[in-house]
Number of protein chains: 2
Amino acid sequence: MEFKKVLLTEDEMPRQWYNILADIKMNPPLGPDGQPVKPEALAPVFPMNLIEQEVSPDRWIDIPEEVLKVLSIWRPSPLVRARALEKFLDTPARIYFKNEGVSPPGSHKPNTAVPQAYYNKVFGIEKLTTETGAGQWGSALSFACSQFGIECKVFMVRVSFDQKPYRKSMMEAWGGKCVASPSRETNAGRNVLENDPDTPGSLGIAISEAIEAAVSDESGKTRYSLGSVLNHVMLHQTIIGLEAKKQLEKIGEYPDVVIACAGGGSNFAGLAFPFVHDKINGKNIDIYPYEPTACPTLTKAPFVYDHGDTARYTPLLPMHSLGHAFVPPPIHAGGLRYHGMSPTVSQLVNEGIIEAKSATQLDAYKAGVIFARTEGFIPAPETNHALAGVIDAAKKAKEEAKEKVILFNWSGHGLIDLTAYDKYFSGELHNFVLTDAEMSESEKVFENFPKPQTLKSR
Amino acid sequence: MEFKKVLLTEDEMPRQWYNILADIKMNPPLGPDGQPVKPEALAPVFPMNLIEQEVSPDRWIDIPEEVLKVLSIWRPSPLVRARALEKFLDTPARIYFKNEGVSPPGSHKPNTAVPQAYYNKVFGIEKLTTETGAGQWGSALSFACSQFGIECKVFMVRVSFDQKPYRKSMMEAWGGKCVASPSRETNAGRNVLENDPDTPGSLGIAISEAIEAAVSDESGKTRYSLGSVLNHVMLHQTIIGLEAKKQLEKIGEYPDVVIACAGGGSNFAGLAFPFVHDKINGKNIDIYPYEPTACPTLTKAPFVYDHGDTARYTPLLPMHSLGHAFVPPPIHAGGLRYHGMSPTVSQLVNEGIIEAKSATQLDAYKAGVIFARTEGFIPAPETNHALAGVIDAAKKAKEEAKEKVILFNWSGHGLIDLTAYDKYFSGELHNFVLTDAEMSESEKVFENFPKPQTLKSR
């Protein structure tokens, strides 16, 4: 029988994460004074052990034994040959995906939630606050906190909170607490609600609320946790790409094309960075982050210094940004509704090492349904954006009659997002197009900020 | 690092199913004339190749290559050592489970949906009808039909249809059609609605509707498919237990206790029958099917001849039954709300080879939450009944200070059942107790039917 999945044993799990900071040049984050932020300044927000990891220049960082133990609940994840999809597309391409939907919350998010909960626990922290878009991250952190016996409080973007009630239930099953954001529990939330009581919310607002809730706890035992954007998050996710490499090696394959969806950048970075390392060292690979056309951070927004959150609590980060006050259209891929982007992913796009692309909501769902009816698993709305890219790449391989190897990240399942599929089938979903006028308006917020330098890593 | 999961490669997947009919004596199903049903009489309902399998006396039956190919989307499933649960329970027992939640619909059900869709396809059938309780079976069959390009129509018990709207969406994502049962599309459904327009429905009624929809299609290209009870279903599920045996062998273990929940009996049979085979051949194992106390088919109802459905379309089956007109209380484990039980499982209970037990709804959810917060994965309400049994067995091992090996079937995840967890947390769930008066009332329906013989297989 032809093989379908390539598995690794737990003994073959990577023992180190890959840190891309060892391989690229970065503009530093800036404080309110316009000067590079000192690690100590972040101490009220994150535990020092994670801050040290955030700024580490080491290429390889050991994964603690306690973290591996929890990851082994579902890792290593399967690498799957999408034979039925290949056949449906009648493509000469060989398509492989990492199935990150096998984790308890159903996505790649616990890859970083688990080490973050661990490092906070070790540092003596008793409670974590966070934001969540579609709910994938909030449920992942609730799960991780339950594994290490710490509290978890989640601010969930209102539009997703309303669309995906099961996500809150999931967080509660693991003992987490979840409120809709903007909420009345923080100054940041109350300010937004005063101006716009019916706001769908945004990741930017929810981040502000979660940071405020952490730093305002006077016990000093609460910290904030972020599910994307920062480098320690990208780092933790590289276990995906490192496993994929080992798995492909076992069957004598290497990718020509690497694809993942990108909201804040973590599932993309997780799969792609180990291959970016190879590309920097001379390999010829096309690497595409796919974002929604409704929130075109990498494909249309400029590379600037901007805040990661709406209330401007975060340092200025060097990244592609639609403006920290931008509220993305209510597409059903909540995890991709973010005004900014991981600085490392932004830098790679900026240098042309990777090439950003976008997919419309309807193309994404169309691709998702094709996948469900060929490969069986129902994908998350975010994952559907990667799938739209995979189908494009497979068609291109067919046109060129080339046996390309396409690798993509199946970042999560869509079993909690089924109402969105209902709407797709009943014709209620549509595409959103941002006008140039809307974009220049939203980008005014960073006009007077310092500008990042043009850096060349190669 | 201590291992967590025991994996098999696709090459190690069992190539044959185990047929318990080779090892036990059974009363035959009876037709309307009181005589054993001839296989041909079932031809309007099932394709002949499956009917032949249903009555086959062969101990081992080859799994077709095309079936293995689809099963390999998620199989072999992991065998997991529940170390965190063991620690939480402070038990000397070693607890292992088969994670059947890794399939696309999230349960063990596709193990039989896939071969059933395959055999129907090979026989030239273009459409399958079926019933579903919690929706696990209906979604599994929709998935399987999408893999073989045949239509799927599902009658879903109304109480579950209302409680679990995502299940319908899931079926539709795979191209299946789903209606609430009783529906107005069949005589069986219309008759029930006339007497009781607000009925929560039952599996017995839904089965009647699905059979009627199949046999009344004049094209001859529609057949009915059942997700439990019948022997070919039990047979297809034995891949679970056969894998588990191989996996336990790899680590030098053998179970002292085998546990699974039982509604119609298929996930129980799937895990347990290969071990029943060993027990019949002299092994000392405790084998427990766990049912809800609200629907105590095996633990309280008599072993009789009764119909499998409410409208009495099916032959008389020798089984434990609460009466074919019985409508179980609306507990949130829809898959366990069935008046009858697989005849093979019934026969084994009757002979004392296995011992039926029951769990209350509240004990089941309590166990499910403990599992979610230790082992990570959120279990289906049905699976929670097995978990209540596992916790009991682990406590007993502690009391006796014995290093027992407990093996159970984690039959599916609860991500589509999260509203039930919400209700559990908010105190809205309660236990149902059937009174003796209610039972004698519901059992009147089979008073005048023939009685099965007492048979001894050993």
# chains A, B, ... in the order shown; residues from 1 in each chain; ligands from 1
>>> residues_around(residues="B:Ala325", least_positions_apart="4", cutoff="9 Å", atoms="only C-alpha atoms", output="compact mmCIF listing (two decimals) with N, CA, C and O atoms, in the first residue's frame")
# COMPACT_ATOMS: atom_id res chain seq x y z
N SER B 202 -35.98 9.37 18.95
CA SER B 202 -35.15 8.30 19.50
C SER B 202 -34.45 7.62 18.34
O SER B 202 -34.85 7.76 17.19
N GLY B 204 -34.54 4.53 17.76
CA GLY B 204 -35.48 3.55 17.22
C GLY B 204 -36.35 4.15 16.12
O GLY B 204 -36.58 3.53 15.08
N ILE B 205 -36.84 5.38 16.34
CA ILE B 205 -37.67 6.05 15.34
C ILE B 205 -36.84 6.41 14.11
O ILE B 205 -37.26 6.21 12.97
N ASP B 309 -36.00 -1.28 15.77
CA ASP B 309 -36.54 0.06 15.49
C ASP B 309 -37.97 0.16 15.98
O ASP B 309 -38.64 -0.85 16.24
N THR B 310 -38.45 1.38 16.07
CA THR B 310 -39.76 1.65 16.63
C THR B 310 -40.91 1.18 15.74
O THR B 310 -41.92 0.68 16.22
N ALA B 311 -40.75 1.36 14.42
CA ALA B 311 -41.83 0.99 13.51
C ALA B 311 -41.82 -0.50 13.18
O ALA B 311 -42.61 -0.95 12.37
N HIS B 339 -32.74 1.80 22.72
CA HIS B 339 -33.52 0.84 23.54
C HIS B 339 -32.91 -0.56 23.53
O HIS B 339 -33.15 -1.34 24.45
N SER B 442 -42.60 -0.18 29.46
CA SER B 442 -41.94 -0.13 28.15
C SER B 442 -41.63 -1.53 27.62
O SER B 442 -41.47 -1.72 26.42
N GLU B 443 -41.55 -2.51 28.54
CA GLU B 443 -41.19 -3.86 28.11
C GLU B 443 -42.39 -4.70 27.68
O GLU B 443 -42.23 -5.83 27.22
N VAL B 445 -44.09 -4.37 25.12
CA VAL B 445 -44.15 -4.54 23.66
C VAL B 445 -43.59 -5.87 23.17
O VAL B 445 -43.94 -6.32 22.08
>>> interface_residues(of="chain A", to="chain B", cutoff="9 Å", atoms="only C-alpha atoms", output="VMD selection string")
chain A and resid 1 to 7 9 to 11 65 68 to 69 72 to 74 80 102 to 105 143 to 144 146 to 147 165 to 167 169 to 170 172 to 175 369 372 to 378 415 to 419 421 to 422 425
>>> write_last_selection(atoms="C-alpha atoms", output="CSV table (one decimal), in the first residue's frame")
chain,number,residue,atom,x,y,z
A,1,MET,CA,0.0,0.0,0.0
A,2,GLU,CA,1.2,3.5,-0.8
A,3,PHE,CA,2.0,5.4,2.4
A,4,LYS,CA,-0.3,8.2,3.5
A,5,LYS,CA,1.4,9.6,6.7
A,6,VAL,CA,5.0,9.9,7.7
A,7,LEU,CA,5.3,9.5,11.5
A,9,THR,CA,8.4,8.5,17.3
A,10,GLU,CA,8.6,10.6,20.5
A,11,ASP,CA,12.3,9.9,20.7
A,65,GLU,CA,12.0,18.1,29.4
A,68,LEU,CA,8.5,17.9,25.7
A,69,LYS,CA,6.5,15.8,28.1
A,72,SER,CA,4.1,14.5,23.5
A,73,ILE,CA,0.4,14.4,24.2
A,74,TRP,CA,0.0,15.1,20.5
A,80,VAL,CA,0.6,13.7,5.4
A,102,VAL,CA,-4.2,16.8,16.2
A,103,SER,CA,-3.6,18.8,19.4
A,104,PRO,CA,-6.2,19.0,22.1
A,105,PRO,CA,-7.4,22.5,21.2
A,143,PHE,CA,-5.2,24.0,28.0
A,144,ALA,CA,-1.5,24.8,28.7
A,146,SER,CA,-4.4,23.5,33.1
A,147,GLN,CA,-1.3,21.3,32.5
A,165,PRO,CA,-19.6,30.3,21.4
A,166,TYR,CA,-18.0,26.8,21.6
A,167,ARG,CA,-14.6,28.4,22.0
A,169,SER,CA,-16.9,26.5,26.5
A,170,MET,CA,-13.7,24.9,25.5
A,172,GLU,CA,-13.9,26.7,30.5
A,173,ALA,CA,-13.6,22.9,30.1
A,174,TRP,CA,-9.9,23.5,30.9
A,175,GLY,CA,-10.7,25.9,33.7
A,369,VAL,CA,-14.4,22.4,1.0
A,372,ALA,CA,-12.6,18.3,3.3
A,373,ARG,CA,-14.0,16.2,0.5
A,374,THR,CA,-10.7,14.8,-0.6
A,375,GLU,CA,-8.4,14.6,2.4
A,376,GLY,CA,-11.2,14.2,4.9
A,377,PHE,CA,-10.3,16.7,7.6
A,378,ILE,CA,-12.4,19.9,7.8
A,415,LEU,CA,-14.9,21.8,13.9
A,416,ILE,CA,-15.5,24.9,16.1
A,417,ASP,CA,-16.0,27.1,13.0
A,418,LEU,CA,-18.8,25.2,11.3
A,419,THR,CA,-21.3,28.0,11.4
A,421,TYR,CA,-19.2,26.8,6.6
A,422,ASP,CA,-23.0,27.0,6.9
A,425,PHE,CA,-22.9,27.1,1.6
>>> closest_residue(among="A:Ala367, A:Val327, A:Met48, A:Val433", to="A:Val157", atoms="only C-alpha atoms")
A:Val327
>>> residues_around(residues="A:Pro274", least_positions_apart="3", cutoff="8 Å", atoms="only C-alpha atoms", output="ChimeraX atom specification")
/A:18,238,241-242,270-271,277-278
>>> write_last_selection(atoms="N, CA, C and O atoms", output="short mmCIF file (atom, residue, chain, number, x, y, z; two decimals), in the first residue's frame")
data_model
loop_
_atom_site.label_atom_id
_atom_site.label_comp_id
_atom_site.auth_asym_id
_atom_site.auth_seq_id
_atom_site.Cartn_x
_atom_site.Cartn_y
_atom_site.Cartn_z
N TYR A 18 14.60 26.34 16.73
CA TYR A 18 15.47 27.15 15.86
C TYR A 18 15.13 28.63 16.03
O TYR A 18 13.97 29.02 15.96
N THR A 238 8.78 26.61 15.75
CA THR A 238 9.66 25.98 14.75
C THR A 238 9.72 24.46 14.89
O THR A 238 10.22 23.79 13.99
N GLY A 241 8.31 22.95 11.66
CA GLY A 241 9.18 22.84 10.49
C GLY A 241 10.32 21.86 10.69
O GLY A 241 10.73 21.15 9.76
N LEU A 242 10.83 21.81 11.92
CA LEU A 242 11.94 20.90 12.21
C LEU A 242 11.48 19.45 12.11
O LEU A 242 12.19 18.59 11.56
N GLY A 270 6.49 28.93 12.16
CA GLY A 270 6.74 27.60 12.69
C GLY A 270 7.11 26.61 11.61
O GLY A 270 8.07 25.84 11.73
N LEU A 271 6.37 26.62 10.52
CA LEU A 271 6.70 25.71 9.43
C LEU A 271 7.89 26.22 8.62
O LEU A 271 8.79 25.46 8.26
N HIS A 277 16.05 29.29 6.92
CA HIS A 277 17.46 29.07 7.27
C HIS A 277 18.20 28.43 6.09
O HIS A 277 19.28 28.88 5.69
N ASP A 278 17.60 27.40 5.50
CA ASP A 278 18.22 26.74 4.35
C ASP A 278 18.32 27.69 3.16
O ASP A 278 19.30 27.68 2.42
#
>>> atom_distance(atom1="atom CA of A:Ser457", atom2="atom CA of A:Thr314")
25.7 Å
>>> residues_around(residues="B:Lys283", least_positions_apart="3", cutoff="12 Å", atoms="only C-alpha atoms", output="PyMOL selection string")
chain B and resi 254-257+274-280+286-287+353
>>> residues_around(residues="B:Arg59", least_positions_apart="3", cutoff="10 Å", atoms="only C-alpha atoms", output="ChimeraX atom specification")
/B:16-23,56,235
>>> write_last_selection(atoms="N, CA, C and O atoms", output="PDB file, in the first residue's frame")
ATOM      1  N   GLN B  16      -6.818  -7.862   8.565  1.00  0.00           N
ATOM      2  CA  GLN B  16      -8.053  -8.642   8.675  1.00  0.00           C
ATOM      3  C   GLN B  16      -8.850  -8.184   9.887  1.00  0.00           C
ATOM      4  O   GLN B  16      -8.272  -7.734  10.875  1.00  0.00           O
ATOM      5  N   TRP B  17     -10.176  -8.266   9.785  1.00  0.00           N
ATOM      6  CA  TRP B  17     -11.034  -8.026  10.936  1.00  0.00           C
ATOM      7  C   TRP B  17     -11.282  -9.356  11.670  1.00  0.00           C
ATOM      8  O   TRP B  17     -11.240 -10.419  11.047  1.00  0.00           O
ATOM      9  N   TYR B  18     -11.597  -9.249  12.944  1.00  0.00           N
ATOM     10  CA  TYR B  18     -11.927 -10.437  13.733  1.00  0.00           C
ATOM     11  C   TYR B  18     -13.443 -10.573  13.838  1.00  0.00           C
ATOM     12  O   TYR B  18     -14.144  -9.623  14.169  1.00  0.00           O
ATOM     13  N   ASN B  19     -13.954 -11.773  13.561  1.00  0.00           N
ATOM     14  CA  ASN B  19     -15.383 -12.046  13.569  1.00  0.00           C
ATOM     15  C   ASN B  19     -15.740 -12.929  14.760  1.00  0.00           C
ATOM     16  O   ASN B  19     -15.430 -14.127  14.784  1.00  0.00           O
ATOM     17  N   ILE B  20     -16.432 -12.363  15.725  1.00  0.00           N
ATOM     18  CA  ILE B  20     -16.721 -13.099  16.964  1.00  0.00           C
ATOM     19  C   ILE B  20     -17.707 -14.246  16.736  1.00  0.00           C
ATOM     20  O   ILE B  20     -17.793 -15.167  17.549  1.00  0.00           O
ATOM     21  N   LEU B  21     -18.436 -14.233  15.627  1.00  0.00           N
ATOM     22  CA  LEU B  21     -19.379 -15.330  15.345  1.00  0.00           C
ATOM     23  C   LEU B  21     -18.676 -16.683  15.261  1.00  0.00           C
ATOM     24  O   LEU B  21     -19.299 -17.728  15.459  1.00  0.00           O
ATOM     25  N   ALA B  22     -17.367 -16.634  14.976  1.00  0.00           N
ATOM     26  CA  ALA B  22     -16.616 -17.894  14.925  1.00  0.00           C
ATOM     27  C   ALA B  22     -16.422 -18.484  16.312  1.00  0.00           C
ATOM     28  O   ALA B  22     -16.072 -19.658  16.450  1.00  0.00           O
ATOM     29  N   ASP B  23     -16.630 -17.667  17.339  1.00  0.00           N
ATOM     30  CA  ASP B  23     -16.307 -18.107  18.696  1.00  0.00           C
ATOM     31  C   ASP B  23     -17.489 -18.219  19.647  1.00  0.00           C
ATOM     32  O   ASP B  23     -17.323 -18.669  20.777  1.00  0.00           O
ATOM     33  N   SER B  56     -21.286 -14.286   7.917  1.00  0.00           N
ATOM     34  CA  SER B  56     -20.094 -15.113   7.717  1.00  0.00           C
ATOM     35  C   SER B  56     -19.665 -15.791   9.022  1.00  0.00           C
ATOM     36  O   SER B  56     -19.638 -15.164  10.080  1.00  0.00           O
ATOM     37  N   LEU B 235     -17.665  -6.179  13.631  1.00  0.00           N
ATOM     38  CA  LEU B 235     -16.507  -6.719  12.900  1.00  0.00           C
ATOM     39  C   LEU B 235     -15.571  -5.600  12.432  1.00  0.00           C
ATOM     40  O   LEU B 235     -14.365  -5.624  12.706  1.00  0.00           O
TER      41      LEU B 235
END
>>> residues_around(residues="B:Leu317", least_positions_apart="2", cutoff="8 Å", atoms="only C-alpha atoms", output="list in words")
Pro28, Pro29, Leu30, Val304, Tyr305, Asp306, His307, Gly308, Pro315, Met319 and Pro343 of chain B
>>> write_last_selection(atoms="all heavy atoms", output="PDB file, in the first residue's frame")
ATOM      1  N   PRO B  28     -30.699 -16.965  16.093  1.00  0.00           N
ATOM      2  CA  PRO B  28     -30.809 -16.290  14.793  1.00  0.00           C
ATOM      3  C   PRO B  28     -31.813 -15.137  14.856  1.00  0.00           C
ATOM      4  O   PRO B  28     -32.722 -15.159  15.679  1.00  0.00           O
ATOM      5  CB  PRO B  28     -31.358 -17.388  13.882  1.00  0.00           C
ATOM      6  CG  PRO B  28     -32.161 -18.246  14.801  1.00  0.00           C
ATOM      7  CD  PRO B  28     -31.441 -18.225  16.127  1.00  0.00           C
ATOM      8  N   PRO B  29     -31.658 -14.136  13.991  1.00  0.00           N
ATOM      9  CA  PRO B  29     -32.726 -13.132  13.863  1.00  0.00           C
ATOM     10  C   PRO B  29     -33.967 -13.798  13.260  1.00  0.00           C
ATOM     11  O   PRO B  29     -33.840 -14.731  12.458  1.00  0.00           O
ATOM     12  CB  PRO B  29     -32.151 -12.094  12.894  1.00  0.00           C
ATOM     13  CG  PRO B  29     -30.856 -12.634  12.385  1.00  0.00           C
ATOM     14  CD  PRO B  29     -30.533 -13.914  13.087  1.00  0.00           C
ATOM     15  N   LEU B  30     -35.145 -13.349  13.691  1.00  0.00           N
ATOM     16  CA  LEU B  30     -36.387 -13.963  13.215  1.00  0.00           C
ATOM     17  C   LEU B  30     -37.191 -13.005  12.348  1.00  0.00           C
ATOM     18  O   LEU B  30     -37.240 -11.804  12.614  1.00  0.00           O
ATOM     19  CB  LEU B  30     -37.254 -14.394  14.408  1.00  0.00           C
ATOM     20  CG  LEU B  30     -36.626 -15.339  15.420  1.00  0.00           C
ATOM     21  CD1 LEU B  30     -37.638 -15.686  16.527  1.00  0.00           C
ATOM     22  CD2 LEU B  30     -36.135 -16.629  14.735  1.00  0.00           C
ATOM     23  N   VAL B 304     -34.175 -10.676  25.317  1.00  0.00           N
ATOM     24  CA  VAL B 304     -35.419 -11.078  24.640  1.00  0.00           C
ATOM     25  C   VAL B 304     -35.259 -11.010  23.126  1.00  0.00           C
ATOM     26  O   VAL B 304     -34.211 -10.612  22.626  1.00  0.00           O
ATOM     27  CB  VAL B 304     -36.582 -10.126  25.043  1.00  0.00           C
ATOM     28  CG1 VAL B 304     -36.894 -10.237  26.533  1.00  0.00           C
ATOM     29  CG2 VAL B 304     -36.243  -8.678  24.669  1.00  0.00           C
ATOM     30  N   TYR B 305     -36.301 -11.342  22.418  1.00  0.00           N
ATOM     31  CA  TYR B 305     -36.388 -11.015  20.995  1.00  0.00           C
ATOM     32  C   TYR B 305     -37.154  -9.708  20.882  1.00  0.00           C
ATOM     33  O   TYR B 305     -38.264  -9.582  21.432  1.00  0.00           O
ATOM     34  CB  TYR B 305     -37.128 -12.099  20.224  1.00  0.00           C
ATOM     35  CG  TYR B 305     -36.230 -13.130  19.561  1.00  0.00           C
ATOM     36  CD1 TYR B 305     -36.298 -14.473  19.921  1.00  0.00           C
ATOM     37  CD2 TYR B 305     -35.336 -12.736  18.563  1.00  0.00           C
ATOM     38  CE1 TYR B 305     -35.473 -15.416  19.312  1.00  0.00           C
ATOM     39  CE2 TYR B 305     -34.514 -13.682  17.946  1.00  0.00           C
ATOM     40  CZ  TYR B 305     -34.580 -15.019  18.324  1.00  0.00           C
ATOM     41  OH  TYR B 305     -33.770 -15.935  17.717  1.00  0.00           O
ATOM     42  N   ASP B 306     -36.579  -8.720  20.192  1.00  0.00           N
ATOM     43  CA  ASP B 306     -37.301  -7.463  19.994  1.00  0.00           C
ATOM     44  C   ASP B 306     -36.821  -6.834  18.679  1.00  0.00           C
ATOM     45  O   ASP B 306     -35.773  -7.197  18.128  1.00  0.00           O
ATOM     46  CB  ASP B 306     -37.064  -6.490  21.167  1.00  0.00           C
ATOM     47  CG  ASP B 306     -38.077  -5.334  21.191  1.00  0.00           C
ATOM     48  OD1 ASP B 306     -39.037  -5.347  20.384  1.00  0.00           O
ATOM     49  OD2 ASP B 306     -37.888  -4.405  21.996  1.00  0.00           O
ATOM     50  N   HIS B 307     -37.600  -5.876  18.221  1.00  0.00           N
ATOM     51  CA  HIS B 307     -37.216  -5.156  17.002  1.00  0.00           C
ATOM     52  C   HIS B 307     -36.135  -4.120  17.310  1.00  0.00           C
ATOM     53  O   HIS B 307     -36.104  -3.556  18.409  1.00  0.00           O
ATOM     54  CB  HIS B 307     -38.427  -4.435  16.400  1.00  0.00           C
ATOM     55  CG  HIS B 307     -39.473  -5.369  15.877  1.00  0.00           C
ATOM     56  ND1 HIS B 307     -39.320  -6.044  14.693  1.00  0.00           N
ATOM     57  CD2 HIS B 307     -40.672  -5.748  16.389  1.00  0.00           C
ATOM     58  CE1 HIS B 307     -40.389  -6.802  14.481  1.00  0.00           C
ATOM     59  NE2 HIS B 307     -41.231  -6.643  15.512  1.00  0.00           N
ATOM     60  N   GLY B 308     -35.319  -3.845  16.301  1.00  0.00           N
ATOM     61  CA  GLY B 308     -34.268  -2.841  16.448  1.00  0.00           C
ATOM     62  C   GLY B 308     -34.779  -1.429  16.280  1.00  0.00           C
ATOM     63  O   GLY B 308     -34.080  -0.468  16.596  1.00  0.00           O
ATOM     64  N   PRO B 315     -35.946  -7.207  11.521  1.00  0.00           N
ATOM     65  CA  PRO B 315     -36.254  -8.531  12.076  1.00  0.00           C
ATOM     66  C   PRO B 315     -36.220  -8.471  13.601  1.00  0.00           C
ATOM     67  O   PRO B 315     -35.748  -7.494  14.185  1.00  0.00           O
ATOM     68  CB  PRO B 315     -35.107  -9.406  11.551  1.00  0.00           C
ATOM     69  CG  PRO B 315     -34.548  -8.680  10.380  1.00  0.00           C
ATOM     70  CD  PRO B 315     -34.744  -7.217  10.670  1.00  0.00           C
ATOM     71  N   MET B 319     -31.655  -9.825  21.910  1.00  0.00           N
ATOM     72  CA  MET B 319     -30.824  -8.812  22.589  1.00  0.00           C
ATOM     73  C   MET B 319     -31.458  -8.351  23.888  1.00  0.00           C
ATOM     74  O   MET B 319     -32.631  -8.605  24.154  1.00  0.00           O
ATOM     75  CB  MET B 319     -30.628  -7.601  21.652  1.00  0.00           C
ATOM     76  CG  MET B 319     -31.934  -6.892  21.271  1.00  0.00           C
ATOM     77  SD  MET B 319     -31.630  -5.545  20.077  1.00  0.00           S
ATOM     78  CE  MET B 319     -33.308  -4.928  19.837  1.00  0.00           C
ATOM     79  N   PRO B 343     -26.764  -7.744  19.385  1.00  0.00           N
ATOM     80  CA  PRO B 343     -26.997  -9.123  19.827  1.00  0.00           C
ATOM     81  C   PRO B 343     -25.730  -9.832  20.302  1.00  0.00           C
ATOM     82  O   PRO B 343     -25.792 -10.602  21.276  1.00  0.00           O
ATOM     83  CB  PRO B 343     -27.561  -9.802  18.568  1.00  0.00           C
ATOM     84  CG  PRO B 343     -28.258  -8.684  17.848  1.00  0.00           C
ATOM     85  CD  PRO B 343     -27.376  -7.482  18.077  1.00  0.00           C
TER      86      PRO B 343
END
